[in-house]
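Here the structure comes first, spelled out in structure tokens, and everything after it is commentary.
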Amino acid sequence: MSLFRIALRSILQRGVASLLTTFSMALGVMLVVAVLSIHGVVSQSFRNNASLGYNMIVGAKGGQEQLVLNTVFYLSKPVENIPYTYYLEFLKREERDRFQASSLMVQCRTALQDSIYLLGAGDGLSGIAIEQGIEKVEMAMLPDTRIKLHHPAVETGRDGKYGLMTDLAIPLCLGDYFGRFRVVGTTPALFDELVYDIENNRKFEFAQGRNLRSHDPEHGFFEAVVGATVARELMISIGQPISPRHGDPEGHAHAQQFTVVGILRPSGTPNDRGVFINMEGFYLMEDHAMPLEEAQPTNGAQQSKIIDKETWQAMQKGKSAAKKAELEKRVIREPLPAEQREITAMLLKVPYQLAPGLENAINEGTQAQAVLPVAVIYGLFEFIVNPIEWTLLVLTAMICVVSAISILVSIYNSMSERRGEIAVMRALGAGRGTVMTIILLEATLLALGGGVLGWLAGHTMCLIAGPWVEQQTGVLVGFLNLLTLPLESVLIPSLMLLAIAVGIWPAISAYRTDVAKSLGK
């Protein structure tokens with residue numbers, strides 16, 4: 001009879017004890033496999049999210065980690081806002097002029113140019129005098145609060161200061177919630193132009209509907225796109241109106257509703273958990289306009305006053321119904337002036353050779369900071385996520401060690417009952433080395449059986465949880481995870497070595513068995 005069969009029969013004779021020992025080892029291995037799988041999923045998720053489609057974030061001065069967590073992952077709270085005019089400095093001339101069309105200064109300038117040029121043509125004024133006249137009247141109409149709030153004079157007809165260094169600039173406005181999900185005010189460029197998976201040239205795709213528009217004939221400024229997770233959990237459908245809550249998931253609901261026009265396909269990015277609304281509509285909601293105080297008149301000219309919807313309505317008391325309806329329509333349908341806007345952050349795609357210089361230029365200023373999100377994400381992974389995962393891995397490895405000790409205890413406790421059996425084997429011609437080998441084989445078989453069962457159980461759990469994990473992270477998890485196979489390949493050999501290590505003590509005890517004394521019993 002082979003030594004393997006002798007060891008196997010010895011295990012089967014102690015069925016209950018062997019089963020419990022194998023089960024404890026299987027439980028430890030299953031936890032090790034689970035931790036390794038979690039490590040693989042988190043690593044892949046971080047890699048997916050590190051391929052952002054942009055390589056720089058600009059936001060208010062503060063912590064870099066908080067800016068990245070808030071902007072990329074929609075976690076944490078926004079630090080502060082930055083002026084809308086600062087965002088305009090990252091645009092090229094055509095786009096910059098288009099986004100300034102709602103500025104009070106631009107509207108005043110257009111009206112003044114028409115009036116003063118007509119006046120100048122009639123009175124024979126020179127072009128220089130006309131331009132000087134426009135400038136004087138413009139300055140008279142500017143509110144002093146513009147300077148206090150760091151809003152430079154609006155200039156058209158030029159590229160932004162950093163416009164020629166930037167390939168793509170997407171603004172984000174944060175602060176509201178829909179359920180537990182963050183509401184993000186942005187522009188259609190987030191889904192039209194951003195390539196979030198650069199390696200595979202993938203843009204965000206729509207499972208249903210379409211992208212939001214800056215202004216739609218049917219919905220005006222109030223369109224929304226929701227991520228796949230949001231649509232699934234809250235059962236959102238195309239055409240459904242939604243009302244964001246201000247500042248907190250439990251905050252007051254805005255009266256203004258947005259119509260859902262698109263539902264994103266799952267991408268495995270944080271955008272699956274976002275509610276994206278047209279930024280123009282975001283500004284028009286209650287408490288989202290930056291208030292400007294009314295300034296004192298200068299040189300006898302009437303100062304302009306920027307007001308919100310509620311103040312406008314209060315000022316119109318006593319007007320006719322038709323007049324009030326006209327004013328109400330104007331307040332709702334016209335974009336908020338640029339002087340009353342702020343943004344939380346902007347996503348920039350910058351040529352890599354220009355990124356260091358642009359980062360330094362922004363950080364040396366006083367209005368904002370520039371962050372390279374990939375570096376921060378990998379830093380978070382290395383200094384926060386990795387240590388936690390390795391701690392869990394050490395704990396589960398300790399469970400395996402405890403299970404191995406249970407193998408030692410099980411075999412060692414059986415030695416007193418097996419001394420007669422060992423003595424008979426010795427009397428029949430088995431050497432001390434043969435007896436020692438049988439004991440080591442028993443320990444190895446118990447560890448190997450528990451390891452295989454634990455490995456199968458761990459991967460079966462991964463297979464069952466795979467659809468849920470894919471929905472939450474976008475990472476496909478099957479029965480086998482290629483990312484963790486290198487680590488798992490050393491798991492079973494390590495268990496066998498561990499079993500041999502804990503089996504040495506009982507094996508030595510069997511080796512030292514006194515044949516004459518044991519046969520006498």
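Each chain of the structure tokens is named A, B, ... in the order shown, its residues numbered from 1; ligands are numbered from 1 in display order.
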Skipping near chain neighbours, those fewer than 4 positions away, what residues fall within 8 Å of segment 340-346 of chain A using only C-alpha atoms, listed as a list in words?
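Counting only C-alpha atoms, the residues come to Ile57, Val58, Gly59, Ala60, Thr71, Pro78, Glu80, Asn81, Ile82, Pro83, Tyr84, Tyr87, Ala169, Ile170, Pro171, Leu172, Cys173, Leu174, Tyr283, Ala289, Met290, Pro291, Leu292, Ile306 and Leu336 of chain A.
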What does the file look like for those residues with C-alpha atoms, as a tab-separated table (two decimals), in the first residue's frame?
```
chain	number	residue	atom	x	y	z
A	57	ILE	CA	-8.08	70.33	-12.53
A	58	VAL	CA	-8.34	73.99	-11.59
A	59	GLY	CA	-10.24	74.97	-8.46
A	60	ALA	CA	-10.12	77.22	-5.43
A	71	THR	CA	-14.25	66.97	-8.66
A	78	PRO	CA	-16.30	71.90	-2.43
A	80	GLU	CA	-14.74	77.41	-2.50
A	81	ASN	CA	-15.71	78.81	-5.87
A	82	ILE	CA	-13.66	80.65	-8.44
A	83	PRO	CA	-14.88	83.58	-10.60
A	84	TYR	CA	-16.52	82.76	-13.90
A	87	TYR	CA	-12.72	80.29	-16.34
A	169	ALA	CA	-11.89	73.36	-20.66
A	170	ILE	CA	-15.07	72.03	-19.03
A	171	PRO	CA	-16.59	73.90	-16.07
A	172	LEU	CA	-18.28	72.17	-13.13
A	173	CYS	CA	-20.72	73.67	-10.64
A	174	LEU	CA	-21.37	71.55	-7.54
A	283	TYR	CA	-27.28	79.40	-12.37
A	289	ALA	CA	-26.66	83.50	-8.39
A	290	MET	CA	-23.83	85.40	-6.75
A	291	PRO	CA	-25.38	88.54	-5.23
A	292	LEU	CA	-23.86	91.93	-6.08
A	306	ILE	CA	-27.90	93.01	-10.89
A	336	LEU	CA	-27.65	84.77	-15.80
```
As a list in words, please: the residues near Val35 of chain A (cut-off 9 Å, only C-alpha atoms, same-chain neighbours under 5 positions excluded).
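Selected residues are Met30, Gly40, Glu389, Trp390, Leu392, Leu393 and Thr396 of chain A.
Shortest atom-to-atom contact with Gln367 of chain A among A:Ala189, A:Gly62, A:Leu69, A:Ala34: A:Gly62, counting only C-alpha atoms.
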Pick the closest to Ala228 of chain A from A:Val502, A:Val401, A:Leu495, A:Ala207: which is it, counting only C-alpha atoms?
A:Ala207
If we count only C-alpha atoms, what is near segment 261-278 of chain A at a cut-off of 8 Å, once residues fewer than 2 positions away on the same chain are taken out, given as a CSV table (one decimal) with all heavy atoms, in the first residue's frame?
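result07.csv, written as the output of this step:
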```csv
chain,number,residue,atom,x,y,z
A,45,SER,N,-10.3,49.6,-10.8
A,45,SER,CA,-11.2,50.8,-10.7
A,45,SER,C,-10.4,52.1,-10.7
A,45,SER,O,-10.7,53.1,-11.3
A,45,SER,CB,-12.1,50.7,-9.5
A,45,SER,OG,-13.0,51.8,-9.4
A,48,ASN,N,-9.0,52.7,-14.1
A,48,ASN,CA,-10.0,53.2,-15.0
A,48,ASN,C,-10.2,54.7,-14.7
A,48,ASN,O,-10.4,55.5,-15.6
A,48,ASN,CB,-11.3,52.5,-14.8
A,48,ASN,CG,-11.2,51.0,-15.3
A,48,ASN,OD1,-10.3,50.7,-16.0
A,48,ASN,ND2,-12.2,50.2,-15.0
A,49,ASN,N,-10.3,55.1,-13.4
A,49,ASN,CA,-10.6,56.5,-13.1
A,49,ASN,C,-9.4,57.4,-13.3
A,49,ASN,O,-9.6,58.6,-13.3
A,49,ASN,CB,-11.1,56.6,-11.6
A,49,ASN,CG,-12.4,55.9,-11.4
A,49,ASN,OD1,-13.2,55.8,-12.3
A,49,ASN,ND2,-12.7,55.4,-10.2
A,72,VAL,N,-13.4,64.7,-9.1
A,72,VAL,CA,-13.3,63.5,-9.9
A,72,VAL,C,-14.3,62.4,-9.4
A,72,VAL,O,-15.1,61.8,-10.1
A,72,VAL,CB,-11.9,62.9,-9.8
A,72,VAL,CG1,-11.8,61.6,-10.6
A,72,VAL,CG2,-10.9,63.9,-10.4
A,73,PHE,N,-14.4,62.3,-8.0
A,73,PHE,CA,-15.2,61.2,-7.4
A,73,PHE,C,-16.5,61.7,-6.9
A,73,PHE,O,-17.3,60.9,-6.4
A,73,PHE,CB,-14.4,60.5,-6.3
A,73,PHE,CG,-13.2,59.8,-6.8
A,73,PHE,CD1,-11.9,60.4,-6.7
A,73,PHE,CD2,-13.2,58.6,-7.5
A,73,PHE,CE1,-10.8,59.8,-7.2
A,73,PHE,CE2,-12.1,58.0,-8.0
A,73,PHE,CZ,-10.8,58.6,-7.8
A,74,TYR,N,-16.8,63.0,-6.9
A,74,TYR,CA,-18.0,63.6,-6.3
A,74,TYR,C,-18.1,63.3,-4.9
A,74,TYR,O,-19.3,63.0,-4.4
A,74,TYR,CB,-19.2,63.2,-7.1
A,74,TYR,CG,-19.1,63.5,-8.6
A,74,TYR,CD1,-19.4,62.5,-9.6
A,74,TYR,CD2,-18.6,64.7,-9.1
A,74,TYR,CE1,-19.2,62.8,-10.9
A,74,TYR,CE2,-18.5,65.0,-10.4
A,74,TYR,CZ,-18.8,64.0,-11.3
A,74,TYR,OH,-18.6,64.2,-12.7
A,178,PHE,N,-29.4,65.1,-5.7
A,178,PHE,CA,-30.7,64.5,-6.1
A,178,PHE,C,-30.7,63.1,-5.4
A,178,PHE,O,-29.9,62.2,-5.9
A,178,PHE,CB,-30.8,64.4,-7.6
A,178,PHE,CG,-32.1,63.8,-8.0
A,178,PHE,CD1,-33.3,64.4,-7.7
A,178,PHE,CD2,-32.2,62.5,-8.7
A,178,PHE,CE1,-34.5,63.9,-8.1
A,178,PHE,CE2,-33.4,62.0,-9.1
A,178,PHE,CZ,-34.6,62.7,-8.8
A,181,PHE,N,-27.2,61.4,-4.6
A,181,PHE,CA,-26.2,61.6,-5.7
A,181,PHE,C,-26.0,63.1,-5.9
A,181,PHE,O,-26.9,63.9,-5.8
A,181,PHE,CB,-26.8,60.9,-7.0
A,181,PHE,CG,-27.0,59.5,-6.9
A,181,PHE,CD1,-28.3,58.9,-6.7
A,181,PHE,CD2,-25.9,58.6,-6.9
A,181,PHE,CE1,-28.5,57.6,-6.6
A,181,PHE,CE2,-26.1,57.2,-6.8
A,181,PHE,CZ,-27.4,56.7,-6.6
A,182,ARG,N,-24.8,63.4,-6.3
A,182,ARG,CA,-24.4,64.7,-6.6
A,182,ARG,C,-25.0,65.3,-7.9
A,182,ARG,O,-25.0,64.6,-8.9
A,182,ARG,CB,-22.9,64.9,-6.6
A,182,ARG,CG,-22.2,64.6,-5.3
A,182,ARG,CD,-22.5,65.5,-4.2
A,182,ARG,NE,-21.9,66.8,-4.4
A,182,ARG,CZ,-20.7,67.1,-3.9
A,182,ARG,NH1,-20.0,66.3,-3.3
A,182,ARG,NH2,-20.2,68.3,-4.1
A,183,VAL,N,-25.4,66.5,-7.8
A,183,VAL,CA,-25.8,67.2,-9.0
A,183,VAL,C,-24.7,68.1,-9.5
A,183,VAL,O,-24.1,68.8,-8.8
A,183,VAL,CB,-27.1,68.1,-8.7
A,183,VAL,CG1,-27.4,68.9,-9.9
A,183,VAL,CG2,-28.3,67.2,-8.3
A,184,VAL,N,-24.4,68.0,-10.8
A,184,VAL,CA,-23.3,68.7,-11.4
A,184,VAL,C,-23.8,69.5,-12.5
A,184,VAL,O,-24.3,69.1,-13.5
A,184,VAL,CB,-22.2,67.6,-12.0
A,184,VAL,CG1,-21.0,68.4,-12.5
A,184,VAL,CG2,-21.8,66.6,-10.9
A,185,GLY,N,-23.6,70.8,-12.4
A,185,GLY,CA,-23.9,71.8,-13.5
A,185,GLY,C,-22.7,71.8,-14.4
A,185,GLY,O,-21.5,72.0,-14.0
A,186,THR,N,-22.9,71.6,-15.7
A,186,THR,CA,-21.8,71.6,-16.7
A,186,THR,C,-22.3,71.9,-18.1
A,186,THR,O,-23.5,72.3,-18.2
A,186,THR,CB,-21.1,70.2,-16.7
A,186,THR,OG1,-19.9,70.2,-17.5
A,186,THR,CG2,-22.0,69.1,-17.2
A,187,THR,N,-21.5,71.8,-19.0
A,187,THR,CA,-21.8,72.1,-20.4
A,187,THR,C,-21.9,70.8,-21.2
A,187,THR,O,-21.4,69.8,-20.8
A,187,THR,CB,-20.8,73.0,-21.1
A,187,THR,OG1,-19.5,72.3,-21.1
A,187,THR,CG2,-20.6,74.3,-20.2
A,188,PRO,N,-22.5,70.8,-22.4
A,188,PRO,CA,-22.6,69.6,-23.3
A,188,PRO,C,-21.2,69.0,-23.6
A,188,PRO,O,-21.1,67.9,-24.0
A,188,PRO,CB,-23.3,70.1,-24.5
A,188,PRO,CG,-24.1,71.3,-24.1
A,188,PRO,CD,-23.3,71.9,-23.0
A,204,PHE,N,-18.3,59.0,-23.4
A,204,PHE,CA,-19.5,58.6,-22.7
A,204,PHE,C,-20.6,58.4,-23.7
A,204,PHE,O,-20.9,59.2,-24.6
A,204,PHE,CB,-19.9,59.6,-21.7
A,204,PHE,CG,-18.9,59.8,-20.5
A,204,PHE,CD1,-18.0,60.8,-20.5
A,204,PHE,CD2,-18.9,58.8,-19.5
A,204,PHE,CE1,-17.1,60.9,-19.4
A,204,PHE,CE2,-18.0,58.9,-18.5
A,204,PHE,CZ,-17.1,60.0,-18.4
A,205,GLU,N,-21.3,57.2,-23.6
A,205,GLU,CA,-22.4,56.9,-24.5
A,205,GLU,C,-23.7,56.9,-23.7
A,205,GLU,O,-23.7,56.7,-22.5
A,205,GLU,CB,-22.1,55.5,-25.1
A,205,GLU,CG,-20.8,55.4,-25.9
A,205,GLU,CD,-20.5,54.0,-26.4
A,205,GLU,OE1,-21.2,53.1,-25.9
A,205,GLU,OE2,-19.6,53.8,-27.2
A,206,PHE,N,-24.7,57.0,-24.5
A,206,PHE,CA,-26.1,57.1,-23.9
A,206,PHE,C,-26.8,55.8,-24.2
A,206,PHE,O,-26.9,55.3,-25.3
A,206,PHE,CB,-26.9,58.3,-24.6
A,206,PHE,CG,-26.4,59.6,-24.1
A,206,PHE,CD1,-25.3,60.2,-24.7
A,206,PHE,CD2,-26.9,60.2,-23.0
A,206,PHE,CE1,-24.8,61.4,-24.3
A,206,PHE,CE2,-26.5,61.5,-22.6
A,206,PHE,CZ,-25.4,62.1,-23.2
A,207,ALA,N,-27.3,55.2,-23.1
A,207,ALA,CA,-28.2,54.0,-23.2
A,207,ALA,C,-29.6,54.4,-23.7
A,207,ALA,O,-30.2,53.7,-24.5
A,207,ALA,CB,-28.3,53.4,-21.8
A,208,GLN,N,-30.0,55.6,-23.3
A,208,GLN,CA,-31.3,56.1,-23.8
A,208,GLN,C,-31.1,57.6,-24.0
A,208,GLN,O,-30.4,58.3,-23.2
A,208,GLN,CB,-32.4,55.9,-22.8
A,208,GLN,CG,-32.7,54.4,-22.5
A,208,GLN,CD,-33.8,54.2,-21.5
A,208,GLN,OE1,-34.8,54.9,-21.6
A,208,GLN,NE2,-33.6,53.3,-20.5
A,209,GLY,N,-31.9,58.2,-24.9
A,209,GLY,CA,-32.0,59.6,-25.0
A,209,GLY,C,-30.7,60.3,-25.7
A,209,GLY,O,-30.0,59.6,-26.5
A,210,ARG,N,-30.4,61.5,-25.3
A,210,ARG,CA,-29.4,62.3,-25.9
A,210,ARG,C,-28.7,63.1,-24.9
A,210,ARG,O,-29.0,63.1,-23.7
A,210,ARG,CB,-30.0,63.2,-27.0
A,210,ARG,CG,-31.1,64.1,-26.4
A,210,ARG,CD,-31.5,65.2,-27.4
A,210,ARG,NE,-32.6,66.0,-27.0
A,210,ARG,CZ,-32.5,67.0,-26.1
A,210,ARG,NH1,-31.3,67.4,-25.6
A,210,ARG,NH2,-33.6,67.7,-25.8
A,211,ASN,N,-27.7,63.9,-25.3
A,211,ASN,CA,-27.0,64.8,-24.5
A,211,ASN,C,-27.8,66.0,-24.2
A,211,ASN,O,-28.7,66.4,-25.0
A,211,ASN,CB,-25.7,65.2,-25.2
A,211,ASN,CG,-24.7,65.9,-24.2
A,211,ASN,OD1,-25.0,66.0,-23.0
A,211,ASN,ND2,-23.6,66.5,-24.7
A,212,LEU,N,-27.6,66.7,-23.1
A,212,LEU,CA,-28.3,68.0,-22.8
A,212,LEU,C,-27.8,69.1,-23.8
A,212,LEU,O,-26.7,68.9,-24.4
A,212,LEU,CB,-28.1,68.4,-21.4
A,212,LEU,CG,-26.6,68.5,-20.8
A,212,LEU,CD1,-26.0,69.8,-21.1
A,212,LEU,CD2,-26.6,68.2,-19.3
A,213,ARG,N,-28.6,70.1,-23.9
A,213,ARG,CA,-28.2,71.2,-24.8
A,213,ARG,C,-28.1,72.5,-24.0
A,213,ARG,O,-28.8,72.6,-23.0
A,213,ARG,CB,-29.3,71.4,-25.9
A,213,ARG,CG,-29.3,70.2,-26.9
A,213,ARG,CD,-30.5,70.3,-27.8
A,213,ARG,NE,-30.6,69.1,-28.7
A,213,ARG,CZ,-31.7,68.7,-29.3
A,213,ARG,NH1,-32.8,69.3,-29.0
A,213,ARG,NH2,-31.6,67.7,-30.1
A,214,SER,N,-27.3,73.4,-24.5
A,214,SER,CA,-27.2,74.7,-23.8
A,214,SER,C,-28.5,75.4,-23.7
A,214,SER,O,-28.9,76.1,-22.7
A,214,SER,CB,-26.2,75.6,-24.5
A,214,SER,OG,-24.9,75.0,-24.4
A,221,PHE,N,-33.4,76.1,-20.7
A,221,PHE,CA,-32.1,75.8,-20.1
A,221,PHE,C,-32.1,74.7,-19.1
A,221,PHE,O,-31.1,74.4,-18.5
A,221,PHE,CB,-31.6,77.1,-19.3
A,221,PHE,CG,-31.4,78.3,-20.2
A,221,PHE,CD1,-32.2,79.4,-20.0
A,221,PHE,CD2,-30.4,78.3,-21.1
A,221,PHE,CE1,-32.0,80.5,-20.8
A,221,PHE,CE2,-30.2,79.4,-21.9
A,221,PHE,CZ,-31.0,80.6,-21.7
A,222,PHE,N,-33.2,74.0,-19.0
A,222,PHE,CA,-33.4,73.0,-17.9
A,222,PHE,C,-33.5,71.6,-18.4
A,222,PHE,O,-34.6,71.0,-18.4
A,222,PHE,CB,-34.7,73.5,-17.1
A,222,PHE,CG,-34.6,74.9,-16.7
A,222,PHE,CD1,-35.4,75.9,-17.3
A,222,PHE,CD2,-33.8,75.2,-15.6
A,222,PHE,CE1,-35.3,77.2,-16.9
A,222,PHE,CE2,-33.7,76.6,-15.2
A,222,PHE,CZ,-34.5,77.5,-15.8
A,223,GLU,N,-32.4,71.1,-18.8
A,223,GLU,CA,-32.3,69.7,-19.2
A,223,GLU,C,-31.2,69.0,-18.3
A,223,GLU,O,-30.3,69.6,-17.8
A,223,GLU,CB,-31.8,69.6,-20.7
A,223,GLU,CG,-32.9,70.0,-21.7
A,223,GLU,CD,-32.6,69.7,-23.1
A,223,GLU,OE1,-31.4,69.6,-23.4
A,223,GLU,OE2,-33.5,69.6,-23.9
A,224,ALA,N,-31.4,67.7,-18.2
A,224,ALA,CA,-30.5,66.9,-17.3
A,224,ALA,C,-30.2,65.5,-18.0
A,224,ALA,O,-30.9,65.0,-18.8
A,224,ALA,CB,-31.2,66.6,-16.0
A,225,VAL,N,-29.0,65.0,-17.6
A,225,VAL,CA,-28.5,63.7,-18.0
A,225,VAL,C,-28.2,63.0,-16.7
A,225,VAL,O,-27.5,63.6,-15.8
A,225,VAL,CB,-27.3,63.8,-19.0
A,225,VAL,CG1,-26.6,62.4,-19.1
A,225,VAL,CG2,-27.7,64.3,-20.3
A,226,VAL,N,-28.6,61.7,-16.6
A,226,VAL,CA,-28.3,61.0,-15.3
A,226,VAL,C,-27.4,59.8,-15.6
A,226,VAL,O,-27.4,59.2,-16.7
A,226,VAL,CB,-29.5,60.5,-14.6
A,226,VAL,CG1,-30.4,61.7,-14.2
A,226,VAL,CG2,-30.3,59.6,-15.5
A,227,GLY,N,-26.5,59.4,-14.7
A,227,GLY,CA,-25.7,58.3,-14.8
A,227,GLY,C,-26.4,57.0,-14.7
A,227,GLY,O,-27.6,56.9,-14.2
A,228,ALA,N,-25.8,55.9,-15.1
A,228,ALA,CA,-26.4,54.6,-15.1
A,228,ALA,C,-26.8,54.1,-13.7
A,228,ALA,O,-27.9,53.6,-13.5
A,228,ALA,CB,-25.5,53.5,-15.7
A,229,THR,N,-26.0,54.3,-12.7
A,229,THR,CA,-26.4,53.9,-11.3
A,229,THR,C,-27.5,54.7,-10.8
A,229,THR,O,-28.4,54.2,-10.2
A,229,THR,CB,-25.1,54.1,-10.4
A,229,THR,OG1,-24.0,53.3,-10.9
A,229,THR,CG2,-25.5,53.6,-9.0
A,230,VAL,N,-27.5,56.0,-11.1
A,230,VAL,CA,-28.7,56.9,-10.6
A,230,VAL,C,-30.0,56.4,-11.3
A,230,VAL,O,-31.0,56.3,-10.6
A,230,VAL,CB,-28.4,58.3,-11.0
A,230,VAL,CG1,-29.5,59.2,-10.5
A,230,VAL,CG2,-27.1,58.8,-10.4
A,231,ALA,N,-29.9,56.2,-12.6
A,231,ALA,CA,-31.2,55.7,-13.3
A,231,ALA,C,-31.7,54.4,-12.7
A,231,ALA,O,-32.9,54.2,-12.6
A,231,ALA,CB,-30.9,55.6,-14.8
A,237,SER,N,-36.5,57.7,-15.8
A,237,SER,CA,-36.9,57.5,-17.2
A,237,SER,C,-36.8,58.7,-18.0
A,237,SER,O,-36.8,59.9,-17.4
A,237,SER,CB,-38.3,56.9,-17.3
A,237,SER,OG,-39.2,57.8,-16.7
A,238,ILE,N,-36.6,58.6,-19.3
A,238,ILE,CA,-36.5,59.8,-20.2
A,238,ILE,C,-37.8,60.6,-20.1
A,238,ILE,O,-38.9,60.0,-20.1
A,238,ILE,CB,-36.3,59.3,-21.6
A,238,ILE,CG1,-35.0,58.6,-21.7
A,238,ILE,CG2,-36.3,60.5,-22.6
A,238,ILE,CD1,-33.8,59.5,-21.4
A,239,GLY,N,-37.6,61.9,-20.0
A,239,GLY,CA,-38.8,62.8,-19.9
A,239,GLY,C,-39.3,63.1,-18.5
A,239,GLY,O,-40.1,63.9,-18.3
A,258,PHE,N,-35.9,70.1,-13.8
A,258,PHE,CA,-35.1,69.8,-15.0
A,258,PHE,C,-35.7,68.5,-15.6
A,258,PHE,O,-36.0,67.5,-14.9
A,258,PHE,CB,-33.6,69.6,-14.6
A,258,PHE,CG,-32.9,70.8,-14.3
A,258,PHE,CD1,-33.1,71.4,-13.0
A,258,PHE,CD2,-32.0,71.4,-15.2
A,258,PHE,CE1,-32.4,72.5,-12.7
A,258,PHE,CE2,-31.4,72.6,-14.8
A,258,PHE,CZ,-31.6,73.2,-13.6
A,259,THR,N,-35.7,68.5,-16.9
A,259,THR,CA,-36.3,67.3,-17.6
A,259,THR,C,-35.1,66.4,-18.0
A,259,THR,O,-34.1,66.8,-18.7
A,259,THR,CB,-37.0,67.8,-18.9
A,259,THR,OG1,-38.1,68.7,-18.5
A,259,THR,CG2,-37.6,66.6,-19.6
A,280,GLU,N,-26.3,76.5,-17.5
A,280,GLU,CA,-27.2,77.7,-17.6
A,280,GLU,C,-28.4,77.6,-16.7
A,280,GLU,O,-28.8,78.6,-16.0
A,280,GLU,CB,-27.6,78.0,-19.0
A,280,GLU,CG,-26.4,78.1,-20.0
A,280,GLU,CD,-25.7,79.4,-19.8
A,280,GLU,OE1,-26.2,80.3,-19.2
A,280,GLU,OE2,-24.5,79.4,-20.2
A,281,GLY,N,-29.0,76.5,-16.6
A,281,GLY,CA,-30.1,76.3,-15.7
A,281,GLY,C,-29.7,76.2,-14.3
A,281,GLY,O,-30.4,76.7,-13.4
A,282,PHE,N,-28.5,75.7,-14.0
A,282,PHE,CA,-28.0,75.7,-12.6
A,282,PHE,C,-27.9,77.1,-12.0
A,282,PHE,O,-28.3,77.3,-10.9
A,282,PHE,CB,-26.6,75.0,-12.6
A,282,PHE,CG,-25.9,74.9,-11.3
A,282,PHE,CD1,-26.1,73.8,-10.5
A,282,PHE,CD2,-25.1,76.0,-10.8
A,282,PHE,CE1,-25.5,73.7,-9.2
A,282,PHE,CE2,-24.5,75.9,-9.6
A,282,PHE,CZ,-24.7,74.8,-8.8
A,470,GLU,N,-19.7,44.8,-11.2
A,470,GLU,CA,-19.6,45.5,-12.5
A,470,GLU,C,-20.5,46.7,-12.5
A,470,GLU,O,-20.1,47.8,-13.1
A,470,GLU,CB,-20.0,44.5,-13.6
A,470,GLU,CG,-19.7,45.1,-15.0
A,470,GLU,CD,-20.0,44.1,-16.1
A,470,GLU,OE1,-20.5,43.0,-15.8
A,470,GLU,OE2,-19.8,44.5,-17.2
A,471,GLN,N,-21.7,46.6,-11.9
A,471,GLN,CA,-22.6,47.8,-11.9
A,471,GLN,C,-22.0,48.9,-11.1
A,471,GLN,O,-22.2,50.1,-11.5
A,471,GLN,CB,-24.0,47.4,-11.4
A,471,GLN,CG,-24.8,46.5,-12.3
A,471,GLN,CD,-26.1,46.1,-11.7
A,471,GLN,OE1,-26.4,46.4,-10.5
A,471,GLN,NE2,-27.0,45.5,-12.4
A,472,GLN,N,-21.4,48.6,-10.0
A,472,GLN,CA,-20.9,49.6,-9.1
A,472,GLN,C,-19.6,50.2,-9.6
A,472,GLN,O,-19.3,51.4,-9.3
A,472,GLN,CB,-20.7,49.0,-7.7
A,472,GLN,CG,-22.0,48.5,-7.0
A,472,GLN,CD,-23.0,49.6,-6.9
A,472,GLN,OE1,-22.7,50.7,-6.4
A,472,GLN,NE2,-24.3,49.3,-7.2
A,473,THR,N,-18.7,49.4,-10.2
A,473,THR,CA,-17.4,49.9,-10.5
A,473,THR,C,-17.0,49.9,-12.0
A,473,THR,O,-16.1,50.5,-12.4
A,473,THR,CB,-16.3,49.0,-9.8
A,473,THR,OG1,-16.3,47.7,-10.3
A,473,THR,CG2,-16.5,48.9,-8.3
A,474,GLY,N,-17.8,49.1,-12.8
A,474,GLY,CA,-17.5,49.0,-14.2
A,474,GLY,C,-16.4,48.0,-14.5
A,474,GLY,O,-16.1,47.8,-15.6
A,475,VAL,N,-15.9,47.3,-13.4
A,475,VAL,CA,-14.9,46.3,-13.6
A,475,VAL,C,-15.6,44.9,-13.7
A,475,VAL,O,-16.3,44.5,-12.8
A,475,VAL,CB,-13.9,46.3,-12.4
A,475,VAL,CG1,-12.8,45.2,-12.6
A,475,VAL,CG2,-13.2,47.7,-12.3
```
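For Ala355 of chain A, the set of protein, DNA and RNA residues having any atom at most 9 Å away, when counting only C-alpha atoms and skipping those fewer than 5 positions along the same chain, is Asn55, Met56, Met165, Lys349, Val350, Asn360 and Leu372 of chain A.
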Could you give me the residues within segment 167-206 of chain A that DSSP places in helix (DSSP H, G or I), as a list in words?
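Helix (DSSP H, G or I) assignments inside segment 167-206 of chain A correspond to Ala189, Leu190, Phe191 and Asp192 of chain A.
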Selected residues written out, N, CA and C atoms, as a PDB file, in the first residue's frame:
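The new file part19.pdb reads:
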```
ATOM      1  N   ALA A 189     -20.139  69.818 -23.517  1.00  0.00           N
ATOM      2  CA  ALA A 189     -18.805  69.340 -23.898  1.00  0.00           C
ATOM      3  C   ALA A 189     -18.359  68.150 -23.062  1.00  0.00           C
ATOM      4  N   LEU A 190     -18.885  67.998 -21.854  1.00  0.00           N
ATOM      5  CA  LEU A 190     -18.492  66.878 -21.001  1.00  0.00           C
ATOM      6  C   LEU A 190     -18.770  65.547 -21.678  1.00  0.00           C
ATOM      7  N   PHE A 191     -19.839  65.475 -22.458  1.00  0.00           N
ATOM      8  CA  PHE A 191     -20.197  64.226 -23.133  1.00  0.00           C
ATOM      9  C   PHE A 191     -19.931  64.266 -24.637  1.00  0.00           C
ATOM     10  N   ASP A 192     -19.859  65.463 -25.198  1.00  0.00           N
ATOM     11  CA  ASP A 192     -19.617  65.575 -26.641  1.00  0.00           C
ATOM     12  C   ASP A 192     -18.134  65.501 -26.988  1.00  0.00           C
TER      13      ASP A 192
END
```
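Shell of Pro249 of chain A at 7 Å, with only C-alpha atoms counted and residues fewer than 5 places along the chain excluded, is Tyr177, Phe178, Gly179 and Arg180 of chain A.
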